[in-house]
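Undergrad: One structure is given below, represented as structure tokens, and several questions about it will come after.
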Amino acid sequence: MYIYYPSCNFTAMHPQIAKEVNEYFKEKMPIAKCCKIDQRQLEKEDVALYVCQACRKQIEDKEQTMSVWEYFDQLDDFIFPDYHGQKMYLQDCYRDCDHPEVHQAVRNLLKKMNIEVIEIEKNKENSIFCGTLHFETKDLDDTHLSHYPKEIQEKYMQEYVQQFHNKQVICTCNRCLKGILLGKGKCVHLLELLFNKKERCIL
């Protein structure tokens, strides 16, 4: 049985989309509480669907996990929105470096939504970025940029965002999205793209 673990951070940032996602999954499977407090008894065959890398870290030792991207990629009855060949950059999260199944599923979904992906140099297993949570640079001794004052965080995020040339960036991670927004970049979460309705313009 699948069990969906909503992301508290995604819900806080995108309450309306999060509500729609929860309604979708509620018809198909149980919805867990926050991954830190959910106390349900799990069976060996249960699979936890996650959208957040922090949730995955919290639950992967006690049950099987699968990203929502892999779940949607295997569906035959999900109606994908059509973005008519729009070109968008894709930001892979550092915390997914050891999860090639996530990288592939994400790209499969974007192809199904008719989005042309612009790959950056440090992508997939070579990603150096998770917003201010993880940012590799020769200038700082600590990859946790969040330990530094906000003006320092903004400086490095703005420098990082320049590679996107003011084009839309797709993220699958809340911290990546926050970092790109902090750098004044244009950013959208993949769940927003998946659940975008024609009458809602988010781009």
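Identifiers in this document derive from the order of the structure tokens: chains are assigned A, B, ..., residues are numbered from 1 separately in each chain, and ligands are numbered from 1 in order of occurrence.
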What's the 12 Å shell around Leu194 (chain A), counting only C-alpha atoms, without same-chain residues fewer than 6 positions away, as a PyMOL selection string?
TA: chain A and resi 17-18+20-21+24+68-69+72-73+78-83+106+109-115+170+172+188+202
Undergrad: How about saving the chosen residues, N, CA and C atoms kept, as a PDB file, in the first residue's frame?
TA:
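Listing of result.pdb after writing:
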```pdb
ATOM      1  N   ILE A  17      -1.948  24.681  -3.943  1.00  0.00           N
ATOM      2  CA  ILE A  17      -1.503  23.511  -4.700  1.00  0.00           C
ATOM      3  C   ILE A  17      -1.400  22.299  -3.776  1.00  0.00           C
ATOM      4  N   ALA A  18      -0.875  22.517  -2.560  1.00  0.00           N
ATOM      5  CA  ALA A  18      -0.744  21.421  -1.600  1.00  0.00           C
ATOM      6  C   ALA A  18      -2.107  20.817  -1.288  1.00  0.00           C
ATOM      7  N   GLU A  20      -4.717  20.744  -3.308  1.00  0.00           N
ATOM      8  CA  GLU A  20      -5.141  19.981  -4.478  1.00  0.00           C
ATOM      9  C   GLU A  20      -4.399  18.635  -4.553  1.00  0.00           C
ATOM     10  N   VAL A  21      -3.112  18.648  -4.234  1.00  0.00           N
ATOM     11  CA  VAL A  21      -2.323  17.419  -4.247  1.00  0.00           C
ATOM     12  C   VAL A  21      -2.857  16.439  -3.196  1.00  0.00           C
ATOM     13  N   TYR A  24      -6.047  14.880  -4.302  1.00  0.00           N
ATOM     14  CA  TYR A  24      -5.788  13.851  -5.316  1.00  0.00           C
ATOM     15  C   TYR A  24      -5.373  12.538  -4.653  1.00  0.00           C
ATOM     16  N   VAL A  68       7.355  11.130  -5.378  1.00  0.00           N
ATOM     17  CA  VAL A  68       6.100  11.315  -6.109  1.00  0.00           C
ATOM     18  C   VAL A  68       6.364  11.394  -7.611  1.00  0.00           C
ATOM     19  N   TRP A  69       7.593  11.797  -7.990  1.00  0.00           N
ATOM     20  CA  TRP A  69       7.933  11.891  -9.415  1.00  0.00           C
ATOM     21  C   TRP A  69       7.931  10.502 -10.049  1.00  0.00           C
ATOM     22  N   PHE A  72       4.141   9.365 -10.323  1.00  0.00           N
ATOM     23  CA  PHE A  72       3.398   9.939 -11.444  1.00  0.00           C
ATOM     24  C   PHE A  72       3.924   9.423 -12.782  1.00  0.00           C
ATOM     25  N   ASP A  73       5.212   9.147 -12.835  1.00  0.00           N
ATOM     26  CA  ASP A  73       5.808   8.669 -14.087  1.00  0.00           C
ATOM     27  C   ASP A  73       5.273   7.300 -14.479  1.00  0.00           C
ATOM     28  N   PHE A  78      -3.000   9.604 -15.578  1.00  0.00           N
ATOM     29  CA  PHE A  78      -2.834  10.988 -15.135  1.00  0.00           C
ATOM     30  C   PHE A  78      -2.778  11.892 -16.363  1.00  0.00           C
ATOM     31  N   ILE A  79      -3.565  12.963 -16.330  1.00  0.00           N
ATOM     32  CA  ILE A  79      -3.590  13.915 -17.447  1.00  0.00           C
ATOM     33  C   ILE A  79      -2.558  15.003 -17.191  1.00  0.00           C
ATOM     34  N   PHE A  80      -1.515  15.012 -17.991  1.00  0.00           N
ATOM     35  CA  PHE A  80      -0.438  15.985 -17.822  1.00  0.00           C
ATOM     36  C   PHE A  80      -0.770  17.283 -18.559  1.00  0.00           C
ATOM     37  N   PRO A  81      -0.518  18.424 -17.920  1.00  0.00           N
ATOM     38  CA  PRO A  81      -0.690  19.689 -18.637  1.00  0.00           C
ATOM     39  C   PRO A  81       0.332  19.800 -19.760  1.00  0.00           C
ATOM     40  N   ASP A  82       0.003  20.569 -20.780  1.00  0.00           N
ATOM     41  CA  ASP A  82       0.877  20.737 -21.943  1.00  0.00           C
ATOM     42  C   ASP A  82       1.451  22.151 -21.938  1.00  0.00           C
ATOM     43  N   TYR A  83       2.780  22.233 -21.851  1.00  0.00           N
ATOM     44  CA  TYR A  83       3.441  23.539 -21.823  1.00  0.00           C
ATOM     45  C   TYR A  83       4.021  23.923 -23.182  1.00  0.00           C
ATOM     46  N   VAL A 106      11.977  12.720 -13.016  1.00  0.00           N
ATOM     47  CA  VAL A 106      11.712  14.150 -13.201  1.00  0.00           C
ATOM     48  C   VAL A 106      11.785  14.508 -14.683  1.00  0.00           C
ATOM     49  N   LEU A 109       8.806  13.178 -16.622  1.00  0.00           N
ATOM     50  CA  LEU A 109       7.590  13.968 -16.421  1.00  0.00           C
ATOM     51  C   LEU A 109       7.623  15.255 -17.233  1.00  0.00           C
ATOM     52  N   LEU A 110       8.774  15.901 -17.260  1.00  0.00           N
ATOM     53  CA  LEU A 110       8.883  17.157 -18.008  1.00  0.00           C
ATOM     54  C   LEU A 110       8.686  16.914 -19.500  1.00  0.00           C
ATOM     55  N   LYS A 111       9.173  15.780 -19.993  1.00  0.00           N
ATOM     56  CA  LYS A 111       8.953  15.426 -21.391  1.00  0.00           C
ATOM     57  C   LYS A 111       7.475  15.191 -21.650  1.00  0.00           C
ATOM     58  N   LYS A 112       6.794  14.529 -20.717  1.00  0.00           N
ATOM     59  CA  LYS A 112       5.359  14.274 -20.868  1.00  0.00           C
ATOM     60  C   LYS A 112       4.546  15.564 -20.838  1.00  0.00           C
ATOM     61  N   MET A 113       5.082  16.591 -20.165  1.00  0.00           N
ATOM     62  CA  MET A 113       4.401  17.892 -20.116  1.00  0.00           C
ATOM     63  C   MET A 113       4.853  18.822 -21.235  1.00  0.00           C
ATOM     64  N   ASN A 114       5.623  18.265 -22.175  1.00  0.00           N
ATOM     65  CA  ASN A 114       6.087  19.030 -23.329  1.00  0.00           C
ATOM     66  C   ASN A 114       6.882  20.269 -22.899  1.00  0.00           C
ATOM     67  N   ILE A 115       7.810  20.051 -21.963  1.00  0.00           N
ATOM     68  CA  ILE A 115       8.733  21.095 -21.524  1.00  0.00           C
ATOM     69  C   ILE A 115      10.122  20.725 -22.021  1.00  0.00           C
ATOM     70  N   ILE A 170      12.975  25.153 -12.819  1.00  0.00           N
ATOM     71  CA  ILE A 170      12.142  24.134 -12.182  1.00  0.00           C
ATOM     72  C   ILE A 170      12.913  23.511 -11.031  1.00  0.00           C
ATOM     73  N   THR A 172      12.634  20.648  -7.603  1.00  0.00           N
ATOM     74  CA  THR A 172      11.903  19.557  -6.946  1.00  0.00           C
ATOM     75  C   THR A 172      12.175  19.591  -5.448  1.00  0.00           C
ATOM     76  N   VAL A 188       9.836  27.735 -10.127  1.00  0.00           N
ATOM     77  CA  VAL A 188       8.562  27.062  -9.945  1.00  0.00           C
ATOM     78  C   VAL A 188       8.841  25.648  -9.458  1.00  0.00           C
ATOM     79  N   ILE A 202       0.725  30.546 -13.620  1.00  0.00           N
ATOM     80  CA  ILE A 202       1.731  30.634 -12.559  1.00  0.00           C
ATOM     81  C   ILE A 202       3.096  30.997 -13.121  1.00  0.00           C
TER      82      ILE A 202
END
```
Undergrad: Quick one: residues within 8 Å of region 122-125 of chain A, only C-alpha atoms counted, chain neighbours fewer than 3 positions away excluded, as a list in words?
TA: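 Counting only C-alpha atoms, the residues come to Gln91, Asp92, Cys93, Tyr94, Asp96, Cys97, Asp98, His99, Pro100, His103, Glu119 and Ile128 of chain A.
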Undergrad: Filtering to C-alpha atoms, could you give me those residues as a compact mmCIF listing (two decimals), in the first residue's frame?
TA:
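And here's part.txt as it stands now:
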```txt
# COMPACT_ATOMS: atom_id res chain seq x y z
CA GLN A 91 17.79 22.51 -10.89
CA ASP A 92 18.71 19.12 -9.45
CA CYS A 93 19.03 19.05 -5.67
CA TYR A 94 22.31 18.12 -3.99
CA ASP A 96 19.28 13.75 -4.63
CA CYS A 97 22.84 13.09 -5.80
CA ASP A 98 22.54 9.41 -4.87
CA HIS A 99 19.07 9.01 -6.38
CA PRO A 100 19.35 8.59 -10.16
CA HIS A 103 16.65 12.41 -11.89
CA GLU A 119 20.46 21.33 -18.40
CA ILE A 128 26.36 21.39 -5.69
```
Undergrad: Got a sec to tell me which of region 89-148 of chain A DSSP assigns to helix (DSSP H, G or I), as a ChimeraX atom specification?
TA: /A:94-96,100-112,124-126,145-147
Undergrad: Could you jot down the CA of Gln64 (chain A) to CA of Met1 (chain A) separation for me, Å, one decimal place?
TA: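 Atom-to-atom, CA of Gln64 (chain A) and CA of Met1 (chain A) are spaced 10.6 Å apart.
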Undergrad: Write out as a list in words each polymer residue whose atoms come within 12 Å of Glu27 (chain A), counting only C-alpha atoms; drop sequence neighbours fewer than 4 positions from it.
TA: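 The residues satisfying every condition are Tyr2, Ile3, Tyr4, Glu20, Val21, Asn22, Glu23 and Ile31 of chain A.
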Undergrad: For those residues, write N, CA, C and O atoms to a file as a PDB file, in the first residue's frame.
TA:
```pdb
ATOM      1  N   TYR A   2       0.469   2.209  -0.799  1.00  0.00           N
ATOM      2  CA  TYR A   2       1.139   3.504  -0.791  1.00  0.00           C
ATOM      3  C   TYR A   2       0.609   4.365   0.352  1.00  0.00           C
ATOM      4  O   TYR A   2      -0.588   4.303   0.697  1.00  0.00           O
ATOM      5  N   ILE A   3       1.480   5.180   0.914  1.00  0.00           N
ATOM      6  CA  ILE A   3       1.103   6.174   1.928  1.00  0.00           C
ATOM      7  C   ILE A   3       1.767   7.482   1.535  1.00  0.00           C
ATOM      8  O   ILE A   3       2.988   7.525   1.359  1.00  0.00           O
ATOM      9  N   TYR A   4       0.976   8.526   1.382  1.00  0.00           N
ATOM     10  CA  TYR A   4       1.526   9.810   0.957  1.00  0.00           C
ATOM     11  C   TYR A   4       1.918  10.660   2.158  1.00  0.00           C
ATOM     12  O   TYR A   4       1.127  10.868   3.073  1.00  0.00           O
ATOM     13  N   GLU A  20      -4.717  20.744  -3.308  1.00  0.00           N
ATOM     14  CA  GLU A  20      -5.141  19.981  -4.478  1.00  0.00           C
ATOM     15  C   GLU A  20      -4.399  18.635  -4.553  1.00  0.00           C
ATOM     16  O   GLU A  20      -4.992  17.610  -4.900  1.00  0.00           O
ATOM     17  N   VAL A  21      -3.112  18.648  -4.234  1.00  0.00           N
ATOM     18  CA  VAL A  21      -2.323  17.419  -4.247  1.00  0.00           C
ATOM     19  C   VAL A  21      -2.857  16.439  -3.196  1.00  0.00           C
ATOM     20  O   VAL A  21      -3.021  15.249  -3.451  1.00  0.00           O
ATOM     21  N   ASN A  22      -3.136  16.963  -2.003  1.00  0.00           N
ATOM     22  CA  ASN A  22      -3.674  16.118  -0.935  1.00  0.00           C
ATOM     23  C   ASN A  22      -5.027  15.520  -1.322  1.00  0.00           C
ATOM     24  O   ASN A  22      -5.308  14.347  -1.026  1.00  0.00           O
ATOM     25  N   GLU A  23      -5.868  16.323  -1.969  1.00  0.00           N
ATOM     26  CA  GLU A  23      -7.183  15.833  -2.401  1.00  0.00           C
ATOM     27  C   GLU A  23      -7.018  14.718  -3.433  1.00  0.00           C
ATOM     28  O   GLU A  23      -7.759  13.729  -3.415  1.00  0.00           O
ATOM     29  N   ILE A  31      -3.209   9.380   3.869  1.00  0.00           N
ATOM     30  CA  ILE A  31      -2.352  10.563   3.954  1.00  0.00           C
ATOM     31  C   ILE A  31      -1.735  10.593   5.342  1.00  0.00           C
ATOM     32  O   ILE A  31      -2.444  10.586   6.353  1.00  0.00           O
TER      33      ILE A  31
END
```
Undergrad: In Å, rounded to a single decimal, give me how far CA of Leu75 (chain A) is from CA of Lys33 (chain A).
TA: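 So the answer is 24.4 Å.
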Undergrad: Which residues are near Gly179 (chain A)? Cut-off 7 Å, only C-alpha atoms, ignore same chain within fewer than 2 positions. Put them as a list in words.
TA: Gly131, Thr132, Met157, Arg175, Cys176, Leu177, Leu181, Leu182 and Gly183 of chain A
Undergrad: Give the answer as one residue: which of A:Gln168, A:Met88, A:Asp139, A:Gln53 has the shortest atom-to-atom distance to Asn9 (chain A), using only C-alpha atoms?
TA: A:Gln53
Undergrad: Pick out the closest residue to Glu101 (chain A) from this set: A:Cys34, A:Phe164, A:Ile59, A:Tyr71. Count only C-alpha atoms.
TA: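 Between A:Cys34, A:Phe164, A:Ile59, A:Tyr71, the residue approaching Glu101 (chain A) most closely is A:Tyr71.
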Undergrad: Running DSSP on the backbone, which parts of chain A land in strand (DSSP E or B), as a PyMOL selection string?
TA: chain A and resi 2-5+31+47-50+64-67+86-91+115-119+129-130+132+134-135+168-171+186-189
Undergrad: Measure the distance from CA of Tyr160 (chain A) to CA of Gly85 (chain A) in Å and round it to one decimal.
TA: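 Going from CA of Tyr160 (chain A) over to CA of Gly85 (chain A) covers 25.3 Å.
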Undergrad: Restricting the calculation to only C-alpha atoms, which member of A:His14, A:Lys62, A:His84, A:Lys186 is positioned closest to Gln163 (chain A)?
TA: A:Lys186
Undergrad: For Ala48 (chain A), which residue among A:Phe129, A:Tyr89, A:Phe10, A:Tyr5 is the nearest when counting only C-alpha atoms?
TA: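 Looking only at the distances to Ala48 (chain A), the closest residue turns out to be A:Tyr5.
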Undergrad: Please identify every residue of region 106-136 of chain A that has at least one atom no farther than 8 Å from an atom of region 144-154 of chain A, counting only C-alpha atoms, and for each give the shortest atom pair and the distance in Å to one decimal, arranged by chain then increasing number, as a tab-separated table.
TA:
```
residue	atom	partner	partner_atom	distance
A:Thr132	CA	A:Leu145	CA	4.7
A:Leu133	CA	A:His144	CA	5.0
A:His134	CA	A:His144	CA	5.0
A:Phe135	CA	A:Leu145	CA	6.3
```
Undergrad: Taking only C-alpha atoms into account, which of A:Asn174, A:Ile180, A:Glu136, A:Asn166 comes nearest Ala12 (chain A)?
TA: A:Asn174
Undergrad: Of the residues A:Asp61, A:Asp46, A:Glu192, A:Glu70, which is the one nearest to Arg107 (chain A), using only C-alpha atoms?
TA: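 Among the listed residues, the smallest separation from Arg107 (chain A) belongs to A:Glu70.
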